[in-house]
Amino acid sequence: MADPKQEQRDAFRAEDPASGPLTTDQGVVVDHTDDSLQAGERGPTLMEDFHFREKITRFDHERIPERVVHARGAGAYGYFEPYASCAEFTRAAFLQDPSVRTPVFVRFSTVQGPRGSADTVRDVRGFATKFYTTEGNYDLVGNNFPVFFIQDGIKFPDFVHAVKPEPHNEIPTGASAHDTLWDFVSLQPETLHTIMWLMSDRAIPRSYRTMQGFGVHTFRFVDAAGKGTFVKFHWRPLLGVHSLVWDEAQETQGRDPDFNRRDLWDCIEAGNYPEYELGVQLVPEEDEHSFDFDLLDATKIIPEERVPVRPIGKMVLNRNPDNFFAETEQIAFHTANVVPGIDFTNDPLLQARNFSYLDTQLLRLGGPNFSQIPVNRPVAPVRTNQRDGFHQNQIHRGTSYSPNSLGGGCPALADPDSPAFRHLTERVDGQKIRRRSPSFDDHYTQPAMFWHSMSAWEQKHIVDAFRFELGKVGARAVRERTVEQLARVDHELAVAVAQGVGVAEPRRQETPRPTPSPALSLENNKGDGSI
Ligand code: HEM
């Protein structure tokens, strides 16, 4: 089947280096690249040697800033196809026709460590998918946990500063065991649900092929009539969900720091293609307030007993990139890259992300034209009135403004039946206010639900992880405060952790006992794609 992204990439492939002699950037043939041009037998080197200067300069400029988070990653191309038309809920073109394959690029990543860190650290994993649809690029920029550490994006710099290595000595570079992280966690209890996931075996996936992905936020589907439906996105690996155990993860870091990216690469080379099913949880707009948590709160899941996951399509990763830097490093995902039929909610974390990704990429990728980089190029036609800027690769013709009576310039379509993106009409009412909604207040019910959904051996792994990570914290008050917070999740959990980190056992607190959610436990993994 023709792949429009592959055809587009072909046009950007560099000349095969083996197809002729070495040249300069200007195409001048070079017959000697082993010695610089010197005045006399023993130097000095001459400024005139343009090949020497070009070679060194280009080397000096090879590095660009790594991502501020999710710096270490691995990626692959593939395709997505829906099982059936989703027209009932969304007009998104790529979700209409099971015979249409949409090309994708997926980048998996760790969050905290630098580009050169190890794969199998205890951390959240990124699971970011770019769909090159006929209506433009759609990015589903998710993680392998269904929840996030904070509720409002304004806390993201604080959270990341607490997670990253200590500012004075840059220690630790790859683990969650340090004072600043646990200080933040103990003072900001909204982190607890995701911390429970982080201390579980979900934080050390065996393979990217056996890892779930989640859009995390509640998004919206919008149908052809403009009606919205709340939606949560889930990726399920068809191989089932598998994790390492902590000892394996640590040993693997030493033996093969590239364990996960090597596995992804090798399996694709061997034709053993990773496959994931896309599922959705759908909530009618009128049911927005029928939960005991807020759908706009990214620290909450919608329990699958309440709203089952409906499988809607399958993704297959079947091609490794040609060049890590050009493709995996230069790809730019952005939560605001949506297509007609997919829209946002007022989740304050999502709203912050919709600003942050483009902003950081303007720096990371050197200016405003990075959507022209081959891996970022839509396969849909691009016609804008944007002009100039660093690294402009297009030769635009004509004028570039609208309205325009002189010719040129791109008009915005006024046709109401056109496939243009139109923001969902939503009534917004209220006063400016800088305060978290009280509907975001419950930080303990869902962490408790997670804990109670675990089997005995999974609970033991969680306690061991808390003891290992929190046990390394020097500040006793931070250890005590964290245990106090855990006591509000579950008393036995808090006591078991307290015994391992050298602090007094906490007082018994009133603990919510919600219905366990069996889908969360690895023990319930059937290995056939159903969980
Ligand atoms: C990068 C996921 C929250 C800012 C990433 C990446 C993923 C991701 C998967 C890696 C993208 C890639 O592979 O290139 C998430 C999820 C979040 C979340 C699931 C919460 C639900 C946030 C928030 C902010 C943020 C709240 C800021 C307000 C960034 C930035 C990058 C990044 C700046 C680097 C992007 C780049 O340089 O290309 N995030 N993130 N993220 N994220 Fe997030």
# chains A, B, ... in the order shown; residues from 1 in each chain; ligands from 1
$ select_by_dssp --residues "region 265-473 of chain A" --states "alpha helix (DSSP H)" --output "VMD selection string"
chain A and resid 265 to 269 348 to 364 445 to 453 456 to 470
$ write_last_selection --atoms "C-alpha atoms" --output "mmCIF file, in the first residue's frame"
data_model
loop_
_atom_site.group_PDB
_atom_site.id
_atom_site.type_symbol
_atom_site.label_atom_id
_atom_site.label_comp_id
_atom_site.auth_asym_id
_atom_site.auth_seq_id
_atom_site.Cartn_x
_atom_site.Cartn_y
_atom_site.Cartn_z
ATOM 1 C CA TRP A 265 15.082 -1.324 16.621
ATOM 2 C CA ASP A 266 15.918 -5.032 16.428
ATOM 3 C CA CYS A 267 12.303 -6.172 16.428
ATOM 4 C CA ILE A 268 11.399 -3.840 13.576
ATOM 5 C CA GLU A 269 14.493 -4.923 11.590
ATOM 6 C CA PRO A 348 -5.546 23.597 32.970
ATOM 7 C CA LEU A 349 -2.642 21.197 32.427
ATOM 8 C CA LEU A 350 -3.599 20.695 28.793
ATOM 9 C CA GLN A 351 -4.033 24.422 28.258
ATOM 10 C CA ALA A 352 -0.475 24.989 29.524
ATOM 11 C CA ARG A 353 0.888 22.268 27.260
ATOM 12 C CA ASN A 354 -0.841 23.906 24.317
ATOM 13 C CA PHE A 355 1.444 26.891 24.915
ATOM 14 C CA SER A 356 4.622 25.130 26.046
ATOM 15 C CA TYR A 357 5.521 22.715 23.212
ATOM 16 C CA LEU A 358 5.648 25.238 20.377
ATOM 17 C CA ASP A 359 7.436 27.709 22.615
ATOM 18 C CA THR A 360 10.224 25.295 23.562
ATOM 19 C CA GLN A 361 10.587 24.012 19.986
ATOM 20 C CA LEU A 362 11.203 27.547 18.707
ATOM 21 C CA LEU A 363 14.374 27.407 20.768
ATOM 22 C CA ARG A 364 15.246 23.725 20.414
ATOM 23 C CA THR A 445 -9.301 8.339 46.707
ATOM 24 C CA GLN A 446 -7.707 7.303 43.433
ATOM 25 C CA PRO A 447 -4.229 6.518 44.832
ATOM 26 C CA ALA A 448 -6.050 4.253 47.318
ATOM 27 C CA MET A 449 -7.988 2.683 44.452
ATOM 28 C CA PHE A 450 -4.713 2.012 42.640
ATOM 29 C CA TRP A 451 -3.141 0.471 45.756
ATOM 30 C CA HIS A 452 -6.128 -1.793 46.427
ATOM 31 C CA SER A 453 -6.235 -2.963 42.821
ATOM 32 C CA ALA A 456 0.071 -8.925 46.985
ATOM 33 C CA TRP A 457 3.345 -9.205 45.044
ATOM 34 C CA GLU A 458 2.690 -5.939 43.236
ATOM 35 C CA GLN A 459 2.044 -4.222 46.578
ATOM 36 C CA LYS A 460 5.330 -5.650 47.856
ATOM 37 C CA HIS A 461 7.182 -4.202 44.853
ATOM 38 C CA ILE A 462 5.563 -0.813 45.533
ATOM 39 C CA VAL A 463 6.612 -0.868 49.198
ATOM 40 C CA ASP A 464 10.148 -1.930 48.201
ATOM 41 C CA ALA A 465 10.325 0.936 45.709
ATOM 42 C CA PHE A 466 9.194 3.500 48.294
ATOM 43 C CA ARG A 467 11.743 2.139 50.767
ATOM 44 C CA PHE A 468 14.536 2.274 48.185
ATOM 45 C CA GLU A 469 13.736 5.726 46.803
ATOM 46 C CA LEU A 470 12.428 7.545 49.875
#
$ residues_around --residues "Val283 (chain A)" --least-positions-apart "6" --cutoff "7 Å" --atoms "only C-alpha atoms" --output "PDB file with N, CA and C atoms, in the first residue's frame"
ATOM      1  N   THR A 229     -18.134  15.129  22.361  1.00  0.00           N
ATOM      2  CA  THR A 229     -18.175  13.999  23.301  1.00  0.00           C
ATOM      3  C   THR A 229     -16.813  13.965  23.987  1.00  0.00           C
ATOM      4  N   PHE A 230     -16.806  13.865  25.320  1.00  0.00           N
ATOM      5  CA  PHE A 230     -15.520  13.772  26.020  1.00  0.00           C
ATOM      6  C   PHE A 230     -14.853  12.440  25.676  1.00  0.00           C
ATOM      7  N   VAL A 231     -13.533  12.468  25.556  1.00  0.00           N
ATOM      8  CA  VAL A 231     -12.821  11.243  25.181  1.00  0.00           C
ATOM      9  C   VAL A 231     -11.476  11.152  25.901  1.00  0.00           C
TER      10      VAL A 231
END
$ atom_distance --atom1 "CA of Pro311 (chain A)" --atom2 "CA of Gly226 (chain A)"
23.0 Å
$ residues_near_ligand --ligand "ligand 1" --cutoff "7 Å" --atoms "only C-alpha atoms and all ligand atoms" --output "number ranges by chain"
A: 67-70, 73, 107-109, 126-128, 141-143, 147-148, 153-154, 156, 215-217, 298, 331-333, 349-350, 352-353, 356-357, 360-361, 364
$ write_last_selection --atoms "C-alpha atoms" --output "mmCIF file, in the first residue's frame"
data_model
loop_
_atom_site.group_PDB
_atom_site.id
_atom_site.type_symbol
_atom_site.label_atom_id
_atom_site.label_comp_id
_atom_site.auth_asym_id
_atom_site.auth_seq_id
_atom_site.Cartn_x
_atom_site.Cartn_y
_atom_site.Cartn_z
ATOM 1 C CA ARG A 67 14.539 18.462 25.029
ATOM 2 C CA VAL A 68 14.029 20.111 28.412
ATOM 3 C CA VAL A 69 12.169 16.919 29.428
ATOM 4 C CA HIS A 70 11.869 13.586 27.587
ATOM 5 C CA GLY A 73 14.020 8.629 23.194
ATOM 6 C CA ARG A 107 8.644 8.511 19.819
ATOM 7 C CA PHE A 108 9.035 6.696 23.130
ATOM 8 C CA SER A 109 11.065 8.403 25.830
ATOM 9 C CA GLY A 126 6.589 9.201 26.880
ATOM 10 C CA PHE A 127 4.439 7.676 24.137
ATOM 11 C CA ALA A 128 4.015 10.398 21.508
ATOM 12 C CA VAL A 141 1.393 13.314 23.028
ATOM 13 C CA GLY A 142 0.883 10.803 25.802
ATOM 14 C CA ASN A 143 2.649 8.879 28.541
ATOM 15 C CA VAL A 147 -2.444 10.266 35.146
ATOM 16 C CA PHE A 148 -0.008 13.130 35.694
ATOM 17 C CA GLY A 153 0.567 23.572 34.113
ATOM 18 C CA ILE A 154 1.800 26.561 36.113
ATOM 19 C CA PHE A 156 5.266 22.232 35.689
ATOM 20 C CA GLY A 215 -3.545 10.655 26.233
ATOM 21 C CA VAL A 216 -4.000 11.428 29.977
ATOM 22 C CA HIS A 217 -6.242 14.487 29.583
ATOM 23 C CA ALA A 298 -5.354 15.089 34.918
ATOM 24 C CA ILE A 331 10.513 15.533 15.489
ATOM 25 C CA ALA A 332 8.366 18.121 17.231
ATOM 26 C CA PHE A 333 5.164 16.974 18.932
ATOM 27 C CA LEU A 349 -2.642 21.197 32.427
ATOM 28 C CA LEU A 350 -3.599 20.695 28.793
ATOM 29 C CA ALA A 352 -0.475 24.989 29.524
ATOM 30 C CA ARG A 353 0.888 22.268 27.260
ATOM 31 C CA SER A 356 4.622 25.130 26.046
ATOM 32 C CA TYR A 357 5.521 22.715 23.212
ATOM 33 C CA THR A 360 10.224 25.295 23.562
ATOM 34 C CA GLN A 361 10.587 24.012 19.986
ATOM 35 C CA ARG A 364 15.246 23.725 20.414
#
$ closest_residue --among "A:Asp415, A:Asp35, A:Asp263, A:Glu327" --to "Arg377 (chain A)" --atoms "only C-alpha atoms"
A:Glu327
$ atom_distance --atom1 "CA of Arg122 (chain A)" --atom2 "CA of Ala74 (chain A)"
17.0 Å
$ select_by_dssp --residues "region 122-365 of chain A" --states "strand (DSSP E)" --output "short mmCIF file (atom, residue, chain, number, x, y, z; two decimals) with C-alpha atoms, in the first residue's frame"
data_model
loop_
_atom_site.label_atom_id
_atom_site.label_comp_id
_atom_site.auth_asym_id
_atom_site.auth_seq_id
_atom_site.Cartn_x
_atom_site.Cartn_y
_atom_site.Cartn_z
CA ARG A 125 7.74 6.88 29.65
CA GLY A 126 6.59 9.20 26.88
CA PHE A 127 4.44 7.68 24.14
CA ALA A 128 4.01 10.40 21.51
CA THR A 129 2.34 9.71 18.16
CA LYS A 130 2.24 11.97 15.13
CA PHE A 131 -0.53 11.00 12.67
CA TYR A 132 0.18 12.43 9.19
CA THR A 133 -3.50 12.73 8.23
CA GLY A 136 -3.01 17.89 8.67
CA ASN A 137 -0.86 16.52 11.48
CA TYR A 138 -2.55 15.23 14.62
CA ASP A 139 -0.26 14.66 17.64
CA LEU A 140 -1.36 12.45 20.54
CA VAL A 141 1.39 13.31 23.03
CA GLY A 142 0.88 10.80 25.80
CA ASN A 143 2.65 8.88 28.54
CA GLY A 213 0.05 4.65 26.36
CA PHE A 214 -2.50 7.22 27.48
CA PHE A 219 -10.12 15.59 25.14
CA ARG A 220 -13.14 16.05 22.93
CA PHE A 221 -14.38 14.33 19.83
CA VAL A 222 -16.56 16.55 17.64
CA GLY A 228 -18.87 17.21 21.33
CA THR A 229 -18.17 14.00 23.30
CA PHE A 230 -15.52 13.77 26.02
CA VAL A 231 -12.82 11.24 25.18
CA LYS A 232 -9.83 9.64 26.91
CA PHE A 233 -7.33 7.86 24.66
CA HIS A 234 -5.66 4.52 25.49
CA TRP A 235 -2.97 2.59 23.60
CA ARG A 236 -2.81 -1.13 24.44
CA PRO A 237 0.12 -3.23 23.24
CA GLU A 275 1.35 -3.34 17.46
CA TYR A 276 -0.97 -1.27 19.62
CA GLU A 277 -4.72 -0.98 19.74
CA LEU A 278 -6.21 2.50 20.16
CA GLY A 279 -9.14 2.56 22.55
CA VAL A 280 -11.39 5.37 23.74
CA GLN A 281 -13.48 6.02 26.80
CA LEU A 282 -16.40 8.19 25.72
CA VAL A 283 -18.49 10.39 28.01
CA PRO A 284 -21.47 12.37 26.69
CA ARG A 310 -13.83 0.81 23.21
CA PRO A 311 -11.19 -0.35 20.72
CA ILE A 312 -11.31 1.81 17.57
CA GLY A 313 -8.19 0.96 15.59
CA LYS A 314 -4.72 -0.50 15.40
CA MET A 315 -1.24 0.94 14.94
CA VAL A 316 1.71 -1.02 13.55
CA LEU A 317 5.32 0.25 13.74
CA ASN A 318 7.13 -1.23 10.76
CA ARG A 319 10.03 1.06 9.74
CA ILE A 342 -10.67 16.49 17.85
CA ASP A 343 -10.72 19.35 20.33
#
$ closest_residue --among "A:Ala494, A:Ile64, A:Met199, A:Val106" --to "Ala76 (chain A)" --atoms "only C-alpha atoms"
A:Val106
